[in-house]
$ cat entry-v6.pdb   # PDB, C-alpha atoms
ATOM      1  CA  MET A  18     -27.738  39.484   1.211
ATOM      2  CA  VAL A  19     -28.328  41.301   4.485
ATOM      3  CA  SER A  20     -29.625  44.853   4.107
ATOM      4  CA  ARG A  21     -27.277  47.809   4.493
ATOM      5  CA  ARG A  22     -29.126  49.392   7.402
ATOM      6  CA  VAL A  23     -28.885  46.176   9.459
ATOM      7  CA  CYS A  24     -25.133  45.939   8.871
ATOM      8  CA  ARG A  25     -24.727  49.627   9.760
ATOM      9  CA  SER A  26     -26.662  49.315  13.044
ATOM     10  CA  ALA A  27     -24.897  46.075  13.955
ATOM     11  CA  LEU A  28     -21.428  47.500  13.275
ATOM     12  CA  ILE A  29     -22.069  50.658  15.308
ATOM     13  CA  SER A  30     -23.388  48.598  18.210
ATOM     14  CA  VAL A  31     -20.442  46.180  18.151
ATOM     15  CA  LEU A  32     -17.868  48.982  18.140
ATOM     16  CA  PHE A  33     -19.698  50.886  20.878
ATOM     17  CA  CYS A  34     -20.150  47.923  23.191
ATOM     18  CA  ALA A  35     -16.632  46.608  22.578
ATOM     19  CA  ALA A  36     -15.169  49.767  24.095
ATOM     20  CA  PHE A  37     -17.028  49.037  27.333
ATOM     21  CA  SER A  38     -16.367  45.283  27.179
ATOM     22  CA  PHE A  39     -12.603  45.759  27.111
ATOM     23  CA  ALA A  40     -12.420  48.688  29.533
ATOM     24  CA  ASP A  41     -11.914  46.560  32.640
ATOM     25  CA  GLY A  42      -8.983  44.704  31.112
ATOM     26  CA  SER A  43      -7.216  47.893  30.037
ATOM     27  CA  THR A  44      -7.637  49.415  33.495
ATOM     28  CA  ALA A  45      -6.155  46.361  35.152
ATOM     29  CA  LYS A  46      -3.075  46.534  32.911
ATOM     30  CA  GLN A  47      -2.644  50.230  33.608
ATOM     31  CA  ASP A  48      -2.825  49.644  37.380
ATOM     32  CA  SER A  49      -0.225  46.910  37.108
ATOM     33  CA  LEU A  50       2.103  49.157  35.107
ATOM     34  CA  SER A  51       1.697  51.963  37.642
ATOM     35  CA  ALA A  52       2.631  49.596  40.462
ATOM     36  CA  ASP A  53       5.764  48.447  38.640
ATOM     37  CA  SER A  54       6.777  52.086  38.069
ATOM     38  CA  SER A  55       6.522  53.134  41.725
ATOM     39  CA  THR A  56      10.290  53.644  42.042
ATOM     40  CA  VAL A  57      10.649  56.070  39.134
ATOM     41  CA  SER A  58      10.141  59.823  39.101
ATOM     42  CA  PRO A  59       6.578  61.269  39.269
ATOM     43  CA  ASP A  60       6.851  62.622  35.707
ATOM     44  CA  THR A  61       7.726  59.198  34.309
ATOM     45  CA  ALA A  62       5.130  57.389  36.450
ATOM     46  CA  SER A  63       2.309  59.379  34.830
ATOM     47  CA  LEU A  64       3.057  57.801  31.438
ATOM     48  CA  LYS A  65       0.964  54.648  30.964
ATOM     49  CA  ILE A  66       1.361  52.265  28.039
ATOM     50  CA  THR A  67      -0.905  49.273  27.438
ATOM     51  CA  SER A  68      -1.495  46.825  24.624
ATOM     52  CA  GLU A  69      -3.770  43.859  24.108
ATOM     53  CA  ASN A  70      -5.003  41.339  21.583
ATOM     54  CA  VAL A  71      -8.711  40.593  21.588
ATOM     55  CA  LEU A  72     -10.409  37.581  20.044
ATOM     56  CA  SER A  73     -14.152  38.117  19.563
ATOM     57  CA  ILE A  74     -16.907  35.813  18.382
ATOM     58  CA  MET A  75     -20.132  37.540  17.321
ATOM     59  CA  SER A  76     -23.357  35.534  17.361
ATOM     60  CA  ILE A  77     -25.928  37.432  15.297
ATOM     61  CA  ILE A  78     -29.667  36.817  14.917
ATOM     62  CA  LEU A  79     -31.471  38.671  12.128
ATOM     63  CA  PRO A  80     -35.295  38.743  12.423
ATOM     64  CA  HIS A  81     -37.594  38.418   9.409
ATOM     65  CA  ASN A  82     -37.855  42.179   8.824
ATOM     66  CA  SER A  83     -34.107  42.348   8.254
ATOM     67  CA  LEU A  84     -34.269  39.472   5.776
ATOM     68  CA  ARG A  85     -37.285  40.671   3.812
ATOM     69  CA  ASN A  86     -35.257  41.801   0.794
ATOM     70  CA  SER A  87     -32.651  39.055   0.846
ATOM     71  CA  GLU A  88     -32.471  37.083  -2.395
ATOM     72  CA  THR A  89     -32.270  33.711  -0.629
ATOM     73  CA  LEU A  90     -33.610  34.324   2.900
ATOM     74  CA  HIS A  91     -36.697  36.509   2.358
ATOM     75  CA  ASN A  92     -39.088  33.759   3.531
ATOM     76  CA  TRP A  93     -37.136  32.833   6.656
ATOM     77  CA  PRO A  94     -38.540  33.843  10.088
ATOM     78  CA  PHE A  95     -34.972  34.566  11.281
ATOM     79  CA  PHE A  96     -31.368  33.770  10.438
ATOM     80  CA  ALA A  97     -28.487  33.183  12.877
ATOM     81  CA  PHE A  98     -24.751  32.967  12.259
ATOM     82  CA  ASP A  99     -21.422  33.295  14.083
ATOM     83  CA  SER A 100     -18.413  35.331  13.011
ATOM     84  CA  PRO A 101     -14.918  35.592  14.566
ATOM     85  CA  SER A 102     -12.726  38.699  14.581
ATOM     86  CA  TRP A 103      -9.301  39.673  15.889
ATOM     87  CA  ALA A 104      -8.144  43.090  17.084
ATOM     88  CA  TYR A 105      -4.879  44.530  18.389
ATOM     89  CA  ASN A 106      -4.984  47.705  20.488
ATOM     90  CA  PHE A 107      -2.041  49.861  21.581
ATOM     91  CA  ASN A 108      -2.710  52.754  23.976
ATOM     92  CA  ILE A 109      -0.521  55.423  25.537
ATOM     93  CA  ARG A 110      -1.616  58.010  28.107
ATOM     94  CA  ARG A 111       0.087  60.911  29.855
ATOM     95  CA  ASP A 112      -1.601  62.733  32.755
ATOM     96  CA  PHE A 113      -0.706  66.303  33.703
ATOM     97  CA  GLY A 114      -2.162  66.453  37.187
ATOM     98  CA  LYS A 115      -5.877  65.857  37.638
ATOM     99  CA  LEU A 116      -7.028  68.427  35.089
ATOM    100  CA  LEU A 117      -5.503  67.326  31.794
ATOM    101  CA  GLY A 118      -4.709  64.034  30.129
ATOM    102  CA  LEU A 119      -3.476  63.147  26.638
ATOM    103  CA  LYS A 120      -4.240  59.790  25.022
ATOM    104  CA  GLY A 121      -2.932  58.152  21.891
ATOM    105  CA  ASN A 122      -4.015  54.885  20.321
ATOM    106  CA  ALA A 123      -3.375  52.636  17.368
ATOM    107  CA  SER A 124      -5.344  49.533  16.466
ATOM    108  CA  GLY A 125      -5.884  47.001  13.740
ATOM    109  CA  ASP A 126      -8.663  44.491  13.217
ATOM    110  CA  ALA A 127      -9.594  41.636  10.907
ATOM    111  CA  SER A 128     -13.096  40.192  10.489
ATOM    112  CA  PHE A 129     -15.365  38.572   7.903
ATOM    113  CA  ALA A 130     -15.891  42.051   6.364
ATOM    114  CA  GLY A 131     -12.216  42.906   5.884
ATOM    115  CA  ILE A 132      -9.163  44.492   7.501
ATOM    116  CA  GLY A 133      -8.893  47.941   9.079
ATOM    117  CA  ILE A 134      -6.288  50.158  10.754
ATOM    118  CA  LYS A 135      -6.955  53.176  13.003
ATOM    119  CA  THR A 136      -4.799  55.672  14.875
ATOM    120  CA  GLY A 137      -5.835  58.666  16.930
ATOM    121  CA  ILE A 138      -5.129  61.173  19.672
ATOM    122  CA  ALA A 139      -7.437  62.719  22.257
ATOM    123  CA  MET A 140      -7.340  65.297  25.039
ATOM    124  CA  GLU A 141      -9.222  64.706  28.282
ATOM    125  CA  LEU A 142     -10.205  67.461  30.729
ATOM    126  CA  ILE A 143     -10.852  66.566  34.394
ATOM    127  CA  HIS A 144     -11.744  63.029  33.221
ATOM    128  CA  LEU A 145     -15.137  64.297  32.020
ATOM    129  CA  LEU A 146     -14.681  66.002  28.635
ATOM    130  CA  GLU A 147     -12.839  64.298  25.793
ATOM    131  CA  LEU A 148     -11.938  65.797  22.410
ATOM    132  CA  GLY A 149     -10.094  63.826  19.765
ATOM    133  CA  VAL A 150      -9.360  63.016  16.143
ATOM    134  CA  GLU A 151      -8.824  59.631  14.501
ATOM    135  CA  ALA A 152      -7.576  58.550  11.062
ATOM    136  CA  ASN A 153      -8.477  55.202   9.521
ATOM    137  CA  THR A 154      -8.093  53.092   6.412
ATOM    138  CA  LYS A 155      -9.732  49.787   5.497
ATOM    139  CA  THR A 156     -10.085  47.168   2.824
ATOM    140  CA  SER A 157     -12.821  44.577   2.603
ATOM    141  CA  LEU A 158     -13.843  41.235   1.167
ATOM    142  CA  ASN A 159     -16.533  40.241  -1.333
ATOM    143  CA  TYR A 160     -18.543  37.033  -1.359
ATOM    144  CA  GLY A 161     -20.008  37.075  -4.854
ATOM    145  CA  LYS A 162     -23.822  37.223  -4.893
ATOM    146  CA  THR A 163     -23.992  36.431  -1.181
ATOM    147  CA  ALA A 164     -22.593  39.724   0.096
ATOM    148  CA  THR A 165     -20.843  42.807  -1.257
ATOM    149  CA  PHE A 166     -18.484  44.595   1.117
ATOM    150  CA  MET A 167     -16.275  46.467  -1.336
ATOM    151  CA  GLY A 168     -17.036  48.321  -4.543
ATOM    152  CA  VAL A 169     -18.769  51.260  -6.254
ATOM    153  CA  TYR A 170     -22.502  51.206  -7.012
ATOM    154  CA  ASP A 171     -23.593  51.153 -10.653
ATOM    155  CA  PRO A 172     -27.175  52.505 -10.952
ATOM    156  CA  GLU A 173     -27.533  51.262 -14.540
ATOM    157  CA  LYS A 174     -26.766  47.667 -13.555
ATOM    158  CA  ARG A 175     -28.557  48.208 -10.198
ATOM    159  CA  ASN A 176     -25.688  46.476  -8.440
ATOM    160  CA  TYR A 177     -22.133  47.005  -7.130
ATOM    161  CA  ARG A 178     -18.961  46.783  -9.174
ATOM    162  CA  GLN A 179     -17.086  44.490  -6.825
ATOM    163  CA  ASP A 180     -13.500  45.629  -6.262
ATOM    164  CA  ALA A 181     -10.876  43.040  -5.358
ATOM    165  CA  MET A 182      -9.236  43.215  -1.944
ATOM    166  CA  PHE A 183      -6.084  45.390  -1.734
ATOM    167  CA  THR A 184      -6.838  47.106  -5.046
ATOM    168  CA  GLU A 185      -8.890  49.984  -3.562
ATOM    169  CA  TYR A 186      -9.113  51.418  -0.053
ATOM    170  CA  GLY A 187     -11.555  53.279   2.104
ATOM    171  CA  TYR A 188     -10.151  56.028   4.310
ATOM    172  CA  GLY A 189     -11.444  58.620   6.727
ATOM    173  CA  LEU A 190     -10.908  61.177   9.449
ATOM    174  CA  ARG A 191     -13.169  61.197  12.506
ATOM    175  CA  TYR A 192     -13.550  64.114  14.928
ATOM    176  CA  HIS A 193     -15.181  63.041  18.163
ATOM    177  CA  SER A 194     -16.148  64.418  21.564
ATOM    178  CA  ALA A 195     -17.652  62.927  24.716
ATOM    179  CA  LEU A 196     -18.972  64.511  27.894
ATOM    180  CA  THR A 197     -19.493  62.349  30.979
ATOM    181  CA  PHE A 198     -21.999  63.159  33.725
ATOM    182  CA  PRO A 199     -21.338  61.049  36.859
ATOM    183  CA  LEU A 200     -24.887  60.946  38.216
ATOM    184  CA  LEU A 201     -23.625  58.715  41.019
ATOM    185  CA  ALA A 202     -22.087  61.821  42.609
ATOM    186  CA  LEU A 203     -25.571  63.314  43.042
ATOM    187  CA  LEU A 204     -27.334  60.161  44.257
ATOM    188  CA  PRO A 205     -27.231  58.462  47.681
ATOM    189  CA  LYS A 206     -24.179  56.224  47.815
ATOM    190  CA  SER A 207     -25.100  52.563  47.476
ATOM    191  CA  ASP A 208     -24.497  49.554  45.248
ATOM    192  CA  TRP A 209     -27.664  50.464  43.326
ATOM    193  CA  THR A 210     -26.948  54.094  42.483
ATOM    194  CA  LYS A 211     -23.792  53.834  40.371
ATOM    195  CA  ILE A 212     -25.154  55.533  37.248
ATOM    196  CA  ILE A 213     -23.228  57.452  34.585
ATOM    197  CA  LEU A 214     -24.594  59.449  31.651
ATOM    198  CA  LYS A 215     -22.347  59.987  28.642
ATOM    199  CA  GLY A 216     -23.083  62.222  25.652
ATOM    200  CA  THR A 217     -21.187  61.872  22.365
ATOM    201  CA  ALA A 218     -20.865  63.733  19.068
ATOM    202  CA  GLU A 219     -18.919  62.720  15.944
ATOM    203  CA  LEU A 220     -18.197  64.180  12.525
ATOM    204  CA  THR A 221     -16.517  61.849  10.043
ATOM    205  CA  TYR A 222     -15.117  62.421   6.576
ATOM    206  CA  SER A 223     -15.060  59.260   4.471
ATOM    207  CA  GLY A 224     -13.452  58.654   1.084
ATOM    208  CA  TYR A 225     -12.674  55.805  -1.302
ATOM    209  CA  THR A 226      -9.765  55.525  -3.711
ATOM    210  CA  GLY A 227     -11.947  53.860  -6.348
ATOM    211  CA  ALA A 228     -14.892  56.308  -6.356
ATOM    212  CA  GLU A 229     -15.481  59.727  -7.851
ATOM    213  CA  ASP A 230     -17.396  62.388  -5.923
ATOM    214  CA  LYS A 231     -21.169  61.740  -5.768
ATOM    215  CA  GLU A 232     -20.689  57.999  -6.380
ATOM    216  CA  VAL A 233     -21.945  55.585  -3.707
ATOM    217  CA  TRP A 234     -19.407  53.027  -2.505
ATOM    218  CA  LYS A 235     -18.739  50.391   0.115
ATOM    219  CA  ALA A 236     -15.558  49.470   1.954
ATOM    220  CA  GLY A 237     -17.030  47.496   4.838
ATOM    221  CA  ASN A 238     -20.625  47.275   6.042
ATOM    222  CA  GLU A 239     -21.995  50.668   5.076
ATOM    223  CA  ASN A 240     -22.877  52.636   1.948
ATOM    224  CA  CYS A 241     -20.965  55.932   1.779
ATOM    225  CA  VAL A 242     -20.072  58.835  -0.489
ATOM    226  CA  ASN A 243     -16.957  61.005  -0.470
ATOM    227  CA  GLY A 244     -18.144  63.433   2.187
ATOM    228  CA  PHE A 245     -19.138  63.971   5.801
ATOM    229  CA  LYS A 246     -21.375  61.980   8.136
ATOM    230  CA  TYR A 247     -22.498  62.878  11.661
ATOM    231  CA  ARG A 248     -23.539  60.912  14.701
ATOM    232  CA  TYR A 249     -24.657  62.179  18.094
ATOM    233  CA  GLY A 250     -26.406  60.688  21.074
ATOM    234  CA  GLY A 251     -26.040  59.499  24.631
ATOM    235  CA  THR A 252     -25.582  56.400  26.769
ATOM    236  CA  LEU A 253     -26.933  55.660  30.249
ATOM    237  CA  ILE A 254     -24.512  53.318  32.031
ATOM    238  CA  TYR A 255     -25.674  51.399  35.096
ATOM    239  CA  MET A 256     -22.998  49.667  37.179
ATOM    240  CA  MET A 257     -24.892  46.769  38.739
ATOM    241  CA  PRO A 258     -23.981  44.863  41.935
ATOM    242  CA  PHE A 259     -23.995  41.475  40.225
ATOM    243  CA  ARG A 260     -20.901  39.356  39.720
ATOM    244  CA  ARG A 261     -22.004  37.809  36.428
ATOM    245  CA  VAL A 262     -23.824  40.851  34.973
ATOM    246  CA  PRO A 263     -21.779  43.842  36.197
ATOM    247  CA  MET A 264     -23.076  46.504  33.780
ATOM    248  CA  ALA A 265     -26.177  47.436  31.788
ATOM    249  CA  MET A 266     -26.459  50.254  29.259
ATOM    250  CA  VAL A 267     -28.867  51.824  26.842
ATOM    251  CA  SER A 268     -27.697  54.116  24.052
ATOM    252  CA  VAL A 269     -29.724  56.412  21.812
ATOM    253  CA  ASN A 270     -28.111  57.770  18.646
ATOM    254  CA  ALA A 271     -29.024  59.786  15.566
ATOM    255  CA  SER A 272     -26.867  59.583  12.442
ATOM    256  CA  GLY A 273     -26.883  60.567   8.789
ATOM    257  CA  PHE A 274     -25.039  62.216   5.913
ATOM    258  CA  LYS A 275     -24.290  65.887   6.446
ATOM    259  CA  HIS A 276     -24.892  67.013   2.848
ATOM    260  CA  GLU A 277     -27.454  65.575   0.447
ATOM    261  CA  TYR A 278     -25.602  67.196  -2.456
ATOM    262  CA  ASP A 279     -22.728  64.741  -1.923
ATOM    263  CA  PHE A 280     -24.949  62.199  -3.722
ATOM    264  CA  ASP A 281     -25.697  62.029  -7.425
ATOM    265  CA  LYS A 282     -29.248  63.125  -8.369
ATOM    266  CA  THR A 283     -29.966  59.486  -9.235
ATOM    267  CA  TYR A 284     -30.391  58.836  -5.500
ATOM    268  CA  GLU A 285     -32.742  61.747  -4.772
ATOM    269  CA  ASP A 286     -35.779  59.490  -4.162
ATOM    270  CA  TYR A 287     -33.737  57.492  -1.650
ATOM    271  CA  ASN A 288     -33.565  60.660   0.497
ATOM    272  CA  PRO A 289     -29.841  60.749   1.412
ATOM    273  CA  GLY A 290     -30.583  63.341   4.123
ATOM    274  CA  PHE A 291     -32.675  60.896   6.168
ATOM    275  CA  VAL A 292     -31.791  60.752   9.881
ATOM    276  CA  THR A 293     -31.510  57.222  11.265
ATOM    277  CA  VAL A 294     -32.351  56.935  14.975
ATOM    278  CA  SER A 295     -31.364  53.825  16.948
ATOM    279  CA  VAL A 296     -31.963  52.583  20.494
ATOM    280  CA  THR A 297     -29.565  49.893  21.710
ATOM    281  CA  PRO A 298     -30.004  48.158  25.099
ATOM    282  CA  MET A 299     -26.865  46.297  26.207
ATOM    283  CA  ALA A 300     -25.649  44.203  29.130
ATOM    284  CA  THR A 301     -22.150  42.903  29.904
ATOM    285  CA  VAL A 302     -21.648  39.328  31.050
ATOM    286  CA  LYS A 303     -18.715  38.131  33.162
ATOM    287  CA  ILE A 304     -18.108  34.536  32.130
ATOM    288  CA  SER A 305     -14.665  33.970  33.659
ATOM    289  CA  GLU A 306     -11.462  35.839  34.405
ATOM    290  CA  LYS A 307     -10.490  35.720  30.734
ATOM    291  CA  TRP A 308     -13.832  35.618  28.916
ATOM    292  CA  ASN A 309     -16.412  38.399  28.791
ATOM    293  CA  GLY A 310     -19.595  38.867  26.835
ATOM    294  CA  MET A 311     -22.000  41.557  25.658
ATOM    295  CA  LEU A 312     -25.672  40.980  24.851
ATOM    296  CA  MET A 313     -27.507  43.638  22.847
ATOM    297  CA  THR A 314     -30.426  44.410  20.578
ATOM    298  CA  VAL A 315     -30.808  47.174  18.012
ATOM    299  CA  ILE A 316     -34.147  48.917  17.513
ATOM    300  CA  SER A 317     -34.078  51.661  14.909
ATOM    301  CA  ARG A 318     -36.127  54.047  12.814
ATOM    302  CA  ASP A 319     -35.334  53.501   9.147
ATOM    303  CA  ARG A 320     -36.715  54.352   5.725
ATOM    304  CA  VAL A 321     -39.934  52.819   4.354
ATOM    305  CA  PHE A 322     -39.966  52.544   0.583
ATOM    306  CA  GLU A 323     -42.799  52.614  -1.909
ATOM    307  CA  ASN A 324     -41.811  49.133  -3.040
ATOM    308  CA  ARG A 325     -41.703  46.959   0.076
ATOM    309  CA  ARG A 326     -40.175  43.941  -1.684
ATOM    310  CA  TYR A 327     -37.079  44.592  -3.771
ATOM    311  CA  PRO A 328     -33.619  43.069  -4.334
ATOM    312  CA  THR A 329     -31.287  44.308  -1.628
ATOM    313  CA  THR A 330     -28.858  45.758  -4.154
ATOM    314  CA  GLU A 331     -31.628  48.075  -5.429
ATOM    315  CA  GLU A 332     -32.308  49.826  -2.115
ATOM    316  CA  LEU A 333     -30.425  52.956  -3.194
ATOM    317  CA  LEU A 334     -32.821  53.391  -6.145
ATOM    318  CA  GLN A 335     -36.028  52.996  -4.120
ATOM    319  CA  LYS A 336     -38.404  55.872  -3.336
ATOM    320  CA  GLN A 337     -38.838  56.644   0.355
ATOM    321  CA  VAL A 338     -42.447  57.213   1.444
ATOM    322  CA  GLY A 339     -42.097  57.148   5.238
ATOM    323  CA  SER A 340     -40.271  55.591   8.173
ATOM    324  CA  GLU A 341     -40.802  52.814  10.708
ATOM    325  CA  TRP A 342     -39.414  51.478  13.985
ATOM    326  CA  ASP A 343     -38.474  47.824  14.192
ATOM    327  CA  LEU A 344     -36.139  45.304  15.788
ATOM    328  CA  ARG A 345     -33.163  44.974  13.428
ATOM    329  CA  VAL A 346     -30.730  42.587  15.085
ATOM    330  CA  VAL A 347     -29.977  40.656  18.287
ATOM    331  CA  MET A 348     -26.327  40.042  19.027
ATOM    332  CA  PHE A 349     -24.039  38.394  21.579
ATOM    333  CA  VAL A 350     -20.304  39.174  21.511
ATOM    334  CA  LEU A 351     -17.938  36.811  23.306
ATOM    335  CA  SER A 352     -14.406  38.168  23.791
ATOM    336  CA  ARG A 353     -11.092  37.093  25.267
ATOM    337  CA  LYS A 354      -8.085  39.338  25.862
ATOM    338  CA  PHE A 355      -4.480  38.178  25.413
TER
END
$ encode --input "entry-v6.pdb" --output "structure tokens"
Amino acid sequence: MVSRRVCRSALISVLFCAAFSFADGSTAKQDSLSADSSTVSPDTASLKITSENVLSIMSIILPHNSLRNSETLHNWPFFAFDSPSWAYNFNIRRDFGKLLGLKGNASGDASFAGIGIKTGIAMELIHLLELGVEANTKTSLNYGKTATFMGVYDPEKRNYRQDAMFTEYGYGLRYHSALTFPLLALLPKSDWTKIILKGTAELTYSGYTGAEDKEVWKAGNENCVNGFKYRYGGTLIYMMPFRRVPMAMVSVNASGFKHEYDFDKTYEDYNPGFVTVSVTPMATVKISEKWNGMLMTVISRDRVFENRRYPTTEELLQKQVGSEWDLRVVMFVLSRKF
């Protein structure tokens, strides 16, 4: 079974890059809607509604370090697999002049890890500062000994109590902000100086209907407790003058649990307050008018445990003795909008 930290880094990277991958398509639909609304009043014309279905195929390569504690793959130099997913996105936006904009969204997705639903609202100031809140709920699948995506951890059995799908649910509330610095405005104008810097900060409360406080649980790819997590960082976006590779990015993020006391004392050696730092280079690929891709790698600083070889399900009971940087995953996401 793939380690938790690999799944966490991969999921964050996929969600982050997907937002950029689908941005061009959403903009095109908004422009088309604006053109069709040219005969209505100015107040009505500022309301933009878009929706899209997105089919994605993720090709994932896990290097040996990410397989070291897998029950069946610990001797493999790497492991590669493909996974499809489907998402539906509905967006609505209302602009009040050039200073203020309000955005609402609702989305649902289905993948090998389960099904999720999200809805949120955000306020945007002068197209540079965004403040918003998002609610979500999700249920997940289990694959026996191969992978656990849903259940509460039992430290006595050193494994998860696997909950059946649609019997328990994960839920959460995410507060997020983003500040964009258009460096291109300060640089000489050319096809090689279109650079944007974006800083982000998030605070998320997560809960699970099947877990008591201080119990560790999963409803997806990540271990959680009923409590708050944070994530902050930045992304350098480089708009490149190439038809097939129009954009390159690199993001740096730090994330962790806000309160160590949200965990039972059983997990004290695991160091719940550890801060995970990740660096994710990314590049978009224009395959055709309908197909786009994103290539990325995840390099992160994670815990080093006293016992370097252990069953994956026992990671939460290991004693941390340090940290290390390593390549965790290489991924290519192929997507098509409908």
$ closest_residue --input "entry-v6.pdb" --among "A:Pro328, A:Gly237, A:Gly251, A:Gly189" --to "Leu214 in chain A" --atoms "all atoms listed in the file"
A:Gly251
$ atom_distance --input "entry-v6.pdb" --atom1 "CA of Glu173 in chain A" --atom2 "CA of Asp286 in chain A"
15.6 Å
$ resolve_selection --input "entry-v6.pdb" --expression "the PyMOL selection byres ((chain A and resi 266-282) around 9)" --output "MDAnalysis selection string"
chainID A and resid 217 220 230:233 241:256 264:265 283:286 288:301
$ resolve_selection --input "entry-v6.pdb" --expression "the PyMOL selection byres ((chain A and resi 176) around 10)" --output "VMD selection string"
chain A and resid 165 168 to 175 177 to 179 328 to 333
$ closest_residue --input "entry-v6.pdb" --among "A:Glu147, A:Glu88, A:Asp343, A:Glu229" --to "Val321 in chain A" --atoms "all atoms listed in the file"
A:Asp343
$ axis_aligned_box --input "entry-v6.pdb" --around "range 282-286 of chain A" --padding-each-side "6 Å" --output "JSON"
{"center_x": -32.5, "center_y": 61.0, "center_z": -6.7, "size_x": 18.5, "size_y": 16.3, "size_z": 17.1}
$ closest_residue --input "entry-v6.pdb" --among "A:Gly310, A:Gly339, A:Gly216, A:Gly224" --to "Ile74 in chain A" --atoms "all atoms listed in the file"
A:Gly310
$ atom_distance --input "entry-v6.pdb" --atom1 "CA of Phe166 in chain A" --atom2 "CA of Gly149 in chain A"
28.1 Å
$ atom_distance --input "entry-v6.pdb" --atom1 "CA of Asn238 in chain A" --atom2 "CA of Tyr160 in chain A"
12.8 Å
$ resolve_selection --input "entry-v6.pdb" --expression "the PyMOL selection byres ((chain A and resi 111) around 10)" --output "short mmCIF file (atom, residue, chain, number, x, y, z; two decimals) with C-alpha atoms, in the coordinates of the input"
data_model
loop_
_atom_site.label_atom_id
_atom_site.label_comp_id
_atom_site.auth_asym_id
_atom_site.auth_seq_id
_atom_site.Cartn_x
_atom_site.Cartn_y
_atom_site.Cartn_z
CA ASP A 60 6.85 62.62 35.71
CA THR A 61 7.73 59.20 34.31
CA ALA A 62 5.13 57.39 36.45
CA SER A 63 2.31 59.38 34.83
CA LEU A 64 3.06 57.80 31.44
CA LYS A 65 0.96 54.65 30.96
CA ILE A 66 1.36 52.26 28.04
CA ILE A 109 -0.52 55.42 25.54
CA ARG A 110 -1.62 58.01 28.11
CA ASP A 112 -1.60 62.73 32.76
CA PHE A 113 -0.71 66.30 33.70
CA GLY A 114 -2.16 66.45 37.19
CA LEU A 117 -5.50 67.33 31.79
CA GLY A 118 -4.71 64.03 30.13
CA LEU A 119 -3.48 63.15 26.64
CA LYS A 120 -4.24 59.79 25.02
CA GLY A 121 -2.93 58.15 21.89
CA MET A 140 -7.34 65.30 25.04
#
$ closest_residue --input "entry-v6.pdb" --among "A:Ser87, A:Arg261, A:Pro80, A:Ile134" --to "Thr163 in chain A" --atoms "only C-alpha atoms"
A:Ser87
$ residues_near_point --input "entry-v6.pdb" --point "(-2.0, 56.7, 19.9)" --cutoff "6 Å" --atoms "only C-alpha atoms" --output "compact mmCIF listing (two decimals) with C-alpha atoms, in the coordinates of the input"
# COMPACT_ATOMS: atom_id res chain seq x y z
CA ASN A 108 -2.71 52.75 23.98
CA ILE A 109 -0.52 55.42 25.54
CA GLY A 121 -2.93 58.15 21.89
CA ASN A 122 -4.01 54.88 20.32
CA ALA A 123 -3.38 52.64 17.37
CA THR A 136 -4.80 55.67 14.88
CA GLY A 137 -5.84 58.67 16.93
CA ILE A 138 -5.13 61.17 19.67
$ residues_near_point --input "entry-v6.pdb" --point "(-3.7, 41.2, 21.5)" --cutoff "8 Å" --atoms "all atoms listed in the file" --output "PyMOL selection string"
chain A and resi 68-72+104-106+354-355
